[in-house]
$ cat my_file-v2.txt   # compact mmCIF, C-alpha atoms
# COMPACT_ATOMS: atom_id res chain seq x y z
CA MET A 1 19.69 22.15 7.37
CA LYS A 2 16.83 24.46 6.55
CA LEU A 3 15.78 22.62 3.40
CA LEU A 4 15.17 19.42 5.37
CA GLU A 5 13.55 21.18 8.35
CA ASP A 6 11.13 22.95 6.00
CA ARG A 7 10.27 19.68 4.34
CA ILE A 8 9.62 17.98 7.70
CA ARG A 9 7.45 20.91 8.83
CA LYS A 10 5.48 20.83 5.59
CA GLU A 11 5.03 17.11 5.05
CA GLY A 12 5.89 15.39 8.33
CA LYS A 13 3.17 14.03 10.58
CA VAL A 14 3.36 13.69 14.36
CA LEU A 15 1.66 10.58 15.76
CA PRO A 16 0.97 9.78 19.41
CA GLY A 17 4.04 8.58 21.30
CA GLY A 18 6.43 11.00 19.63
CA ILE A 19 6.44 9.07 16.36
CA ILE A 20 7.34 11.36 13.47
CA LYS A 21 6.36 10.13 10.05
CA VAL A 22 8.38 11.39 7.13
CA ASP A 23 7.49 8.48 4.89
CA GLY A 24 6.36 10.70 2.02
CA PHE A 25 9.90 11.71 1.12
CA LEU A 26 12.41 9.81 3.25
CA ASN A 27 11.61 6.23 4.13
CA HIS A 28 8.72 4.73 2.17
CA ARG A 29 8.33 7.08 -0.77
CA VAL A 30 11.76 8.61 -1.40
CA ASP A 31 12.48 11.92 -3.16
CA PRO A 32 15.75 11.32 -5.03
CA ALA A 33 16.43 15.06 -5.50
CA LEU A 34 16.18 15.60 -1.73
CA MET A 35 18.44 12.58 -1.13
CA LYS A 36 21.05 14.19 -3.38
CA ASP A 37 20.85 17.49 -1.48
CA LEU A 38 21.18 15.70 1.87
CA ALA A 39 24.14 13.68 0.59
CA LYS A 40 25.91 16.85 -0.60
CA GLU A 41 25.48 18.35 2.87
CA ILE A 42 26.90 15.21 4.51
CA HIS A 43 29.85 15.41 2.11
CA ARG A 44 30.44 19.05 3.09
CA TYR A 45 30.59 17.98 6.72
CA PHE A 46 32.96 15.04 6.10
CA PRO A 47 35.10 16.38 3.24
CA ASP A 48 38.20 14.65 1.88
CA GLU A 49 38.76 12.41 4.85
CA GLY A 50 39.81 9.35 2.87
CA ILE A 51 36.49 7.62 3.37
CA THR A 52 36.45 4.29 1.50
CA ALA A 53 32.94 3.01 2.24
CA ILE A 54 29.49 4.14 3.31
CA LEU A 55 27.82 1.73 5.74
CA THR A 56 24.10 1.74 6.44
CA CYS A 57 21.36 -0.63 7.48
CA GLU A 58 18.48 -2.13 5.52
CA ALA A 59 15.90 -1.13 4.62
CA SER A 60 15.21 2.57 5.02
CA GLY A 61 18.86 3.63 5.23
CA ILE A 62 19.64 2.32 1.75
CA ALA A 63 18.30 5.20 -0.36
CA PHE A 64 20.15 7.81 1.71
CA GLY A 65 23.22 5.56 1.82
CA GLU A 66 23.18 5.17 -1.96
CA ALA A 67 22.98 8.95 -2.46
CA CYS A 68 25.89 9.47 -0.03
CA ALA A 69 27.95 6.75 -1.72
CA GLU A 70 27.44 8.42 -5.10
CA GLU A 71 28.46 11.78 -3.64
CA PHE A 72 31.61 10.36 -2.00
CA GLY A 73 32.40 8.13 -5.00
CA VAL A 74 32.77 5.01 -2.84
CA PRO A 75 30.78 1.77 -2.43
CA MET A 76 27.81 1.55 -0.08
CA VAL A 77 27.49 -1.53 2.10
CA PHE A 78 24.19 -2.17 3.81
CA ALA A 79 23.91 -4.40 6.85
CA LYS A 80 21.18 -7.01 6.53
CA LYS A 81 18.81 -8.03 9.27
CA ALA A 82 18.92 -11.75 10.13
CA LYS A 83 20.52 -14.39 7.98
CA SER A 84 19.32 -15.45 4.59
CA ASP A 85 20.57 -18.66 3.04
CA ASN A 86 22.37 -16.72 0.34
CA ILE A 87 25.06 -15.29 2.63
CA GLU A 88 27.99 -17.65 2.74
CA GLY A 89 31.17 -17.50 4.72
CA GLY A 90 32.31 -15.13 7.41
CA LEU A 91 30.03 -12.49 8.79
CA TYR A 92 30.34 -9.56 11.14
CA GLN A 93 27.32 -9.69 13.43
CA SER A 94 25.73 -7.42 15.97
CA GLN A 95 22.53 -7.88 17.92
CA ILE A 96 20.29 -4.85 18.32
CA PHE A 97 16.81 -4.22 19.64
CA SER A 98 14.43 -2.96 16.96
CA TYR A 99 11.90 -0.54 18.48
CA THR A 100 10.00 -0.60 15.17
CA TYR A 101 9.52 -4.35 15.24
CA LYS A 102 9.76 -4.73 19.03
CA LYS A 103 12.24 -7.58 18.89
CA THR A 104 15.94 -8.34 18.82
CA VAL A 105 17.41 -8.59 15.35
CA THR A 106 20.92 -9.42 14.20
CA LEU A 107 22.69 -7.07 11.82
CA ILE A 108 25.09 -8.87 9.50
CA VAL A 109 27.73 -7.77 7.02
CA ALA A 110 29.79 -10.21 4.96
CA LYS A 111 33.46 -9.95 5.92
CA ASP A 112 34.30 -9.70 2.21
CA TRP A 113 32.99 -6.13 2.09
CA LEU A 114 34.65 -4.39 5.05
CA ASN A 115 38.16 -4.79 6.44
CA ALA A 116 40.91 -3.11 8.44
CA SER A 117 42.00 -0.93 5.52
CA ASP A 118 38.59 0.77 5.33
CA LYS A 119 37.63 4.17 6.67
CA VAL A 120 33.89 4.01 7.10
CA LEU A 121 31.21 6.67 7.25
CA ILE A 122 28.00 5.29 8.75
CA VAL A 123 24.81 6.94 7.55
CA ASP A 124 21.13 6.38 8.36
CA ASP A 125 17.85 8.10 7.63
CA PHE A 126 16.76 8.25 11.28
CA LEU A 127 18.32 8.32 14.73
CA ALA A 128 16.13 7.82 17.80
CA ASN A 129 17.30 5.25 20.34
CA GLY A 130 20.43 4.60 18.34
CA GLU A 131 20.27 0.82 18.44
CA ALA A 132 20.88 0.32 14.71
CA LEU A 133 23.80 2.74 14.85
CA ARG A 134 25.27 1.01 17.91
CA GLY A 135 25.18 -2.20 15.89
CA LEU A 136 26.79 -0.60 12.85
CA VAL A 137 29.58 0.93 14.99
CA GLU A 138 30.20 -2.51 16.49
CA ILE A 139 30.49 -3.99 12.99
CA VAL A 140 33.03 -1.34 11.97
CA ARG A 141 35.04 -2.25 15.10
CA GLN A 142 34.79 -5.99 14.35
CA ALA A 143 36.20 -5.25 10.90
CA GLY A 144 39.11 -3.37 12.47
CA ALA A 145 38.16 -0.46 10.21
CA GLU A 146 38.41 3.22 11.10
CA LEU A 147 35.16 5.04 11.85
CA ALA A 148 35.13 8.45 10.18
CA GLY A 149 31.82 9.38 11.78
CA ILE A 150 28.07 9.12 11.45
CA GLY A 151 25.80 11.16 9.18
CA ILE A 152 22.07 11.20 9.92
CA ALA A 153 19.17 12.76 8.04
CA VAL A 154 16.68 13.17 10.92
CA GLU A 155 17.59 12.87 14.61
CA LYS A 156 14.97 12.81 17.35
CA GLY A 157 16.86 14.93 19.86
CA PHE A 158 14.45 14.05 22.66
CA GLN A 159 15.45 10.38 22.49
CA PRO A 160 18.79 9.17 23.86
CA GLY A 161 20.57 7.77 20.78
CA GLY A 162 22.38 10.93 19.71
CA LYS A 163 23.73 11.71 23.17
CA LYS A 164 24.93 8.12 23.70
CA LEU A 165 26.92 8.22 20.45
CA ARG A 166 28.35 11.73 20.98
CA ASP A 167 29.38 10.78 24.55
CA GLN A 168 31.60 8.09 23.02
CA GLY A 169 33.45 10.80 21.10
CA ILE A 170 31.99 9.75 17.78
CA LYS A 171 31.71 12.57 15.23
CA LEU A 172 27.98 12.61 14.60
CA HIS A 173 26.25 15.07 12.32
CA SER A 174 22.47 15.15 11.90
CA LEU A 175 20.95 17.31 9.18
CA ALA A 176 17.83 18.02 11.24
CA ILE A 177 17.45 17.51 15.00
CA ILE A 178 13.89 17.47 16.26
CA GLU A 179 13.77 18.86 19.80
CA SER A 180 10.07 18.31 20.36
CA ALA A 181 7.07 17.14 18.36
CA ASP A 182 3.45 17.25 19.43
CA GLU A 183 0.06 18.54 18.35
CA ASN A 184 1.45 22.09 18.50
CA GLY A 185 4.06 21.38 15.87
CA ILE A 186 7.68 20.41 15.47
CA THR A 187 10.60 22.33 17.01
CA PHE A 188 14.15 21.90 15.78
CA ARG A 189 17.39 22.28 17.70
CA GLU A 190 19.31 25.39 16.63
CA GLU A 191 22.37 24.57 14.54
CA CYS A 192 25.63 25.13 16.37
CA MET B 1 24.10 -4.81 -21.49
CA LYS B 2 27.74 -5.65 -21.93
CA LEU B 3 28.97 -3.54 -18.99
CA LEU B 4 26.81 -5.51 -16.56
CA GLU B 5 27.55 -8.89 -18.15
CA ASP B 6 31.29 -8.21 -17.90
CA ARG B 7 30.91 -7.26 -14.25
CA ILE B 8 28.94 -10.43 -13.49
CA ARG B 9 31.53 -12.56 -15.30
CA LYS B 10 34.38 -10.89 -13.43
CA GLU B 11 32.95 -10.65 -9.92
CA GLY B 12 29.92 -12.94 -9.77
CA LYS B 13 30.10 -16.29 -8.00
CA VAL B 14 28.08 -19.38 -8.87
CA LEU B 15 27.00 -21.45 -5.86
CA PRO B 16 25.39 -24.91 -5.90
CA GLY B 17 21.70 -24.83 -6.80
CA GLY B 18 22.05 -22.16 -9.48
CA ILE B 19 22.51 -19.38 -6.92
CA ILE B 20 24.40 -16.48 -8.46
CA LYS B 21 26.00 -14.11 -6.02
CA VAL B 22 26.56 -10.57 -7.17
CA ASP B 23 26.66 -9.12 -3.69
CA GLY B 24 29.95 -7.31 -4.25
CA PHE B 25 28.38 -4.67 -6.46
CA LEU B 26 24.61 -5.13 -6.59
CA ASN B 27 22.87 -6.26 -3.43
CA HIS B 28 25.03 -6.14 -0.31
CA ARG B 29 27.88 -3.88 -1.29
CA VAL B 30 26.56 -1.53 -3.97
CA ASP B 31 28.61 0.32 -6.61
CA PRO B 32 26.81 3.65 -7.08
CA ALA B 33 28.53 4.39 -10.42
CA LEU B 34 27.28 1.07 -11.81
CA MET B 35 23.77 1.79 -10.45
CA LYS B 36 23.80 5.06 -12.37
CA ASP B 37 24.84 3.34 -15.60
CA LEU B 38 22.13 0.69 -15.17
CA ALA B 39 19.52 3.36 -14.45
CA LYS B 40 20.47 5.28 -17.60
CA GLU B 41 20.02 2.12 -19.64
CA ILE B 42 16.58 1.50 -18.09
CA HIS B 43 15.66 5.10 -18.93
CA ARG B 44 16.74 4.58 -22.54
CA TYR B 45 14.41 1.59 -22.73
CA PHE B 46 11.44 3.38 -21.15
CA PRO B 47 11.90 6.94 -22.46
CA ASP B 48 9.39 9.75 -22.05
CA GLU B 49 6.46 7.56 -21.20
CA GLY B 50 4.99 9.81 -18.54
CA ILE B 51 6.20 7.63 -15.70
CA THR B 52 5.31 9.22 -12.34
CA ALA B 53 6.79 6.72 -9.87
CA ILE B 54 9.38 3.97 -9.56
CA LEU B 55 8.17 1.05 -7.45
CA THR B 56 10.53 -1.52 -5.96
CA CYS B 57 10.75 -3.86 -3.00
CA GLU B 58 12.89 -3.72 0.13
CA ALA B 59 15.67 -4.32 0.70
CA SER B 60 17.95 -5.08 -2.22
CA GLY B 61 15.80 -3.31 -4.83
CA ILE B 62 16.14 0.06 -3.11
CA ALA B 63 19.59 1.10 -4.34
CA PHE B 64 18.73 0.32 -7.98
CA GLY B 65 15.28 1.88 -7.51
CA GLU B 66 16.81 5.06 -6.10
CA ALA B 67 19.21 5.35 -9.06
CA CYS B 68 16.31 4.84 -11.50
CA ALA B 69 14.15 7.40 -9.67
CA GLU B 70 16.94 9.96 -9.90
CA GLU B 71 17.33 9.24 -13.61
CA PHE B 72 13.60 9.57 -14.30
CA GLY B 73 13.20 12.53 -11.94
CA VAL B 74 10.30 10.92 -10.07
CA PRO B 75 9.80 9.55 -6.54
CA MET B 76 10.74 5.98 -5.66
CA VAL B 77 8.33 3.97 -3.52
CA PHE B 78 9.57 0.77 -1.95
CA ALA B 79 7.19 -1.94 -0.80
CA LYS B 80 7.89 -3.09 2.74
CA LYS B 81 7.79 -6.67 3.92
CA ALA B 82 5.33 -7.32 6.75
CA LYS B 83 3.73 -4.64 8.86
CA SER B 84 5.60 -2.39 11.23
CA ASP B 85 3.70 -0.36 13.80
CA ASN B 86 4.68 2.86 12.10
CA ILE B 87 2.49 2.36 9.04
CA GLU B 88 -0.91 3.84 9.68
CA GLY B 89 -4.03 3.84 7.57
CA GLY B 90 -4.78 2.13 4.28
CA LEU B 91 -2.36 -0.27 2.72
CA TYR B 92 -2.10 -2.09 -0.56
CA GLN B 93 -1.05 -5.64 0.29
CA SER B 94 0.14 -8.65 -1.64
CA GLN B 95 1.28 -12.01 -0.33
CA ILE B 96 4.30 -13.56 -1.98
CA PHE B 97 6.53 -16.54 -1.31
CA SER B 98 10.12 -15.55 -0.55
CA TYR B 99 12.53 -18.19 -1.85
CA THR B 100 15.36 -16.41 -0.02
CA TYR B 101 13.66 -16.72 3.37
CA LYS B 102 11.56 -19.79 2.50
CA LYS B 103 8.33 -18.33 3.83
CA THR B 104 5.33 -16.29 2.81
CA VAL B 105 5.73 -12.56 3.31
CA THR B 106 3.31 -9.70 2.75
CA LEU B 107 4.37 -6.77 0.63
CA ILE B 108 2.76 -3.52 1.72
CA VAL B 109 2.58 -0.02 0.27
CA ALA B 110 0.75 2.84 1.98
CA LYS B 111 -2.16 3.99 -0.18
CA ASP B 112 -0.94 7.56 0.26
CA TRP B 113 1.94 6.94 -2.13
CA LEU B 114 0.33 5.32 -5.19
CA ASN B 115 -2.99 6.04 -6.81
CA ALA B 116 -4.96 5.78 -10.05
CA SER B 117 -3.27 8.83 -11.57
CA ASP B 118 0.17 7.16 -11.41
CA LYS B 119 2.06 5.49 -14.22
CA VAL B 120 4.45 3.12 -12.53
CA LEU B 121 7.71 1.56 -13.59
CA ILE B 122 8.58 -1.42 -11.38
CA VAL B 123 12.29 -2.13 -10.98
CA ASP B 124 14.24 -4.75 -9.08
CA ASP B 125 17.82 -5.92 -8.84
CA PHE B 126 17.02 -9.58 -9.47
CA LEU B 127 14.38 -11.67 -11.23
CA ALA B 128 14.29 -15.44 -10.66
CA ASN B 129 10.93 -16.94 -9.73
CA GLY B 130 9.24 -13.58 -10.04
CA GLU B 131 7.29 -13.71 -6.78
CA ALA B 132 8.31 -10.22 -5.60
CA LEU B 133 7.44 -8.81 -9.02
CA ARG B 134 4.09 -10.59 -9.09
CA GLY B 135 3.35 -8.92 -5.75
CA LEU B 136 4.44 -5.50 -6.99
CA VAL B 137 2.29 -5.83 -10.15
CA GLU B 138 -0.67 -6.73 -7.94
CA ILE B 139 -0.07 -3.61 -5.84
CA VAL B 140 -0.01 -1.42 -8.97
CA ARG B 141 -3.35 -2.98 -9.97
CA GLN B 142 -4.82 -2.46 -6.49
CA ALA B 143 -3.86 1.22 -6.79
CA GLY B 144 -5.64 1.42 -10.16
CA ALA B 145 -2.39 2.81 -11.54
CA GLU B 146 -1.02 2.17 -15.02
CA LEU B 147 1.92 -0.23 -15.29
CA ALA B 148 4.54 1.15 -17.70
CA GLY B 149 6.66 -1.97 -17.42
CA ILE B 150 9.35 -3.69 -15.42
CA GLY B 151 13.08 -3.00 -15.47
CA ILE B 152 15.44 -5.61 -14.02
CA ALA B 153 19.19 -5.59 -13.49
CA VAL B 154 19.87 -9.35 -13.51
CA GLU B 155 17.39 -11.99 -14.70
CA LYS B 156 17.97 -15.69 -14.22
CA GLY B 157 16.61 -16.83 -17.58
CA PHE B 158 16.59 -20.48 -16.52
CA GLN B 159 14.00 -19.78 -13.84
CA PRO B 160 10.35 -19.14 -14.69
CA GLY B 161 9.74 -15.57 -13.47
CA GLY B 162 10.60 -13.73 -16.66
CA LYS B 163 8.49 -15.94 -18.91
CA LYS B 164 5.48 -15.71 -16.59
CA LEU B 165 5.59 -11.90 -16.64
CA ARG B 166 6.20 -11.62 -20.41
CA ASP B 167 3.34 -14.10 -21.08
CA GLN B 168 1.01 -11.58 -19.38
CA GLY B 169 2.00 -8.99 -21.97
CA ILE B 170 4.02 -6.96 -19.49
CA LYS B 171 6.86 -4.97 -21.04
CA LEU B 172 9.83 -6.44 -19.20
CA HIS B 173 13.42 -5.44 -19.85
CA SER B 174 16.35 -7.11 -18.10
CA LEU B 175 19.82 -5.64 -18.47
CA ALA B 176 21.50 -9.05 -18.23
CA ILE B 177 19.79 -12.42 -18.67
CA ILE B 178 21.73 -15.39 -17.38
CA GLU B 179 20.95 -18.46 -19.49
CA SER B 180 23.04 -20.90 -17.49
CA ALA B 181 25.47 -20.80 -14.61
CA ASP B 182 27.63 -23.64 -13.35
CA GLU B 183 31.23 -24.54 -12.59
CA ASN B 184 32.06 -23.96 -16.28
CA GLY B 185 31.00 -20.34 -16.14
CA ILE B 186 28.08 -18.06 -16.84
CA THR B 187 26.32 -17.82 -20.20
CA PHE B 188 24.12 -14.86 -21.11
CA ARG B 189 21.14 -14.75 -23.45
CA GLU B 190 21.89 -12.85 -26.64
CA GLU B 191 20.21 -9.45 -26.74
CA CYS B 192 17.32 -9.28 -29.19
$ encode --input "my_file-v2.txt" --output "structure tokens"
Amino acid sequence: MKLLEDRIRKEGKVLPGGIIKVDGFLNHRVDPALMKDLAKEIHRYFPDEGITAILTCEASGIAFGEACAEEFGVPMVFAKKAKSDNIEGGLYQSQIFSYTYKKTVTLIVAKDWLNASDKVLIVDDFLANGEALRGLVEIVRQAGAELAGIGIAVEKGFQPGGKKLRDQGIKLHSLAIIESADENGITFREEC
Amino acid sequence: MKLLEDRIRKEGKVLPGGIIKVDGFLNHRVDPALMKDLAKEIHRYFPDEGITAILTCEASGIAFGEACAEEFGVPMVFAKKAKSDNIEGGLYQSQIFSYTYKKTVTLIVAKDWLNASDKVLIVDDFLANGEALRGLVEIVRQAGAELAGIGIAVEKGFQPGGKKLRDQGIKLHSLAIIESADENGITFREEC
């Protein structure tokens, strides 16, 4: 999606270790107009498929998830990390490794908010190693719900998450796939 | 705001200890249409005041913050809890006590995304003891920015946060103020 690629080229920063910072418009300061454009594009890719819920992961997935939920006209559920005392009753749970925080965290979703009658579109702002998404897919399976697919804003194509998910036959669409990022600039994968 | 009060009466649950769960539409599963209505009401209360940024706190403030940012046509910045390795450079920081997690956490905002030219509206989904909001107000002050006010979805009027903030002269508007909540039901404060 050219709009997003242009924005990443213009405002993204490449840090050592292949870290790409897009925190000026995507995941610390959020541009709501861009979120809406990204959500419309996700909706074009997953049109009229009977999706009943958007599932994402706290914290940085929530803004994109909210925009997608508004576009699809369905609720957005966000998985929480670790257990707070305010979550009662049954939980779907999945353990993932957080590369950001360098530790294992548990994703949880209250059973009240997803069940076997749901058709779920998972969305997230970023896909790199794919751990968060692996956890979200596992939660959809625990719920017995149908997985419509996964919509991502920015995928790091040089990390293994995208391939692992596509190899499982999951319909995964990323709005921008970064093929390489270094001091010479950012290169995107050509859209198929 | 009657729409929100009706929704809380219909779908909210009161747990022992005055905990009010509204996680079916506000802070675990999120209803995007309701978020939009709440954001419009916040905009009516803070109209045309030259607001340049919405500031909220991860995680459950983000969906409401995103809806408000879209309504005001400005970016939304969300404070993060604790430091991840991906945040470089200068940070505004404020320590707060999280009653949810029963520990002290540090709210952080990268200095890149708020400065003295900003006029900031803080929003959050919930106000009880007001610790998160105290931290966010401190961050606005560290930035040298102007505080336009605070917009809240649900305030627990029987806890001290709202009074503490109003006593400082901060313009605080809550869309629903719960006066009491127990096995007999939920009572709201009359709108002034």
$ interface_residues --input "my_file-v2.txt" --of "chain B" --to "chain A" --cutoff "7 Å" --atoms "all atoms listed in the file" --output "PyMOL selection string"
chain B and resi 28-33+58-59+62-63+66+69-70+75-78+84-85+100-101+113
$ closest_atom_pairs --input "my_file-v2.txt" --of "region 56-96 of chain B" --to "region 121-135 of chain B" --cutoff "6 Å" --atoms "only C-alpha atoms" --output "CSV"
residue,atom,partner,partner_atom,distance
B:Thr56,CA,B:Val123,CA,5.4
B:Gly61,CA,B:Asp124,CA,4.8
B:Ser94,CA,B:Gly135,CA,5.2
B:Ile96,CA,B:Glu131,CA,5.7
$ atom_distance --input "my_file-v2.txt" --atom1 "CA of Asp118 (chain B)" --atom2 "CA of Ala148 (chain B)"
9.7 Å
$ atom_distance --input "my_file-v2.txt" --atom1 "CA of Ala153 (chain B)" --atom2 "CA of Arg141 (chain B)"
23.0 Å
$ atom_distance --input "my_file-v2.txt" --atom1 "CA of Leu91 (chain B)" --atom2 "CA of Thr106 (chain B)"
11.0 Å
$ residues_near_point --input "my_file-v2.txt" --point "(11.9, 10.9, 18.6)" --cutoff "10 Å" --atoms "only C-alpha atoms" --output "list of chain:residue names"
A:Val14, A:Gly17, A:Gly18, A:Ile19, A:Ile20, A:Phe126, A:Leu127, A:Ala128, A:Asn129, A:Val154, A:Glu155, A:Lys156, A:Gly157, A:Phe158, A:Gln159, A:Pro160, A:Gly161, A:Ile177, A:Ile178, A:Glu179, A:Ser180, A:Ala181
$ closest_residue --input "my_file-v2.txt" --among "B:Ala176, B:Lys103, B:Ile42, B:Leu136" --to "Leu3 (chain B)" --atoms "all atoms listed in the file"
B:Ala176
$ closest_residue --input "my_file-v2.txt" --among "B:Ala145, B:Val137, B:Leu4, B:Ile108" --to "Thr52 (chain B)" --atoms "only C-alpha atoms"
B:Ala145
$ closest_residue --input "my_file-v2.txt" --among "A:Ile139, A:Gly144, A:Leu38, A:Gly50" --to "Ser174 (chain A)" --atoms "all atoms listed in the file"
A:Leu38
